[in-house]
Amino acid sequence: MLRQSCGRRGSGLALAPYRGLPAEAGRIFSGIQPKGHLHLGNYLGAVVNWLQLQEQRKGDRDGVVFCVVNMHSYTTDVTPEDLRDSTREMAIALLACGIDPEKCILYAQSEEKKASQGAMFGLFAYPVLMAADILLYRASQIPVGDDQLQHLELAREIAGIVESVQAFNRRYNRTLFPLPQPILGQATRVMSLRDGTAKMSKSDPNDRSRINLTDSKDEILFKLQKAKTDPLPGIVYDPENRPELANLLSIFSALTNRSVESLCHEYADAKMPDFKNALAPHLVDTVGPIGERIRELRDKPQWVEDVLQQGASRARTIARRNLQEVKQVIGML
């Protein structure tokens, strides 16, 4: 279990993430930047946990908030047209994966005016934007991947969430803001198909390094066939010495809900092409329908826009209510 004691010095708080899905209530908030197309690593590393969380809390539509954090892109070299397109594409991909606006809130960050105004004061700095979102919706649980823990802690450090929340709650003698804690869930860290020591990434110039959720069956099979492995015999899980095989085993495990140990036992003496052939249908059956749904939703731009607008409206209601309560507590009109 990952435990990082990297809280602000003197706060006495360590970043102790949940493993698995939390049972207690509290608003869940998470966001994803609209950079490139979603790939298998995004799906298994983040979206699968989002789907589990929305099902766990499906009776509380406003208890789970997912955001396309497009305002984080304002500090990058991106044109307004590209940003609009990438925001829409990310929303389409999330909806195609199964994010359901009837079970959660899905919106684009720039559409929620309260968040936009608050972010202006943060000059679009990444940690400040993250902190503003967390506090604005009084989120207590933040789904993140292992590699994102530092981002959340940076937000807590720079924006002073820990001290600010503690000081506010103490001064006004009430727990208005919860302290946000990360949820790690059962995320799978998916590595590049060309380098088992590097994370699968949208920014990798080699498209064969990743399986995009828009890839066709032939593209998926070709990339899997060409995925880097090693000449050693047998199927064993050895991330240090056989990282590429370990990556394929992790993917196989995540797609089938089988343990890596059971897979190693079943395919112990298999040759690499046979092992890849066994993995192939699970990849195609998972990614294929998502790609089809993405293509369908691209033909329904108005419906996608309506989902984001309705999500922004619901998020705005929460933000307005929270801001009003803060004003009442501190005595502002």
# chains A, B, ... in the order shown; residues from 1 in each chain; ligands from 1
>>> residues_around(residues="Asn277 in chain A", least_positions_apart="4", cutoff="9 Å", atoms="only C-alpha atoms", output="PyMOL selection string")
chain A and resi 221+224-225+272-273+281
>>> closest_residue(among="A:Pro182, A:Pro231, A:Pro239, A:Gly36", to="Leu83 in chain A", atoms="only C-alpha atoms")
A:Gly36
>>> residues_around(residues="Arg314 in chain A", least_positions_apart="3", cutoff="8 Å", atoms="only C-alpha atoms", output="list in words")
Asp62, Ile105, Gln310, Gly311, Thr317 and Ile318 of chain A
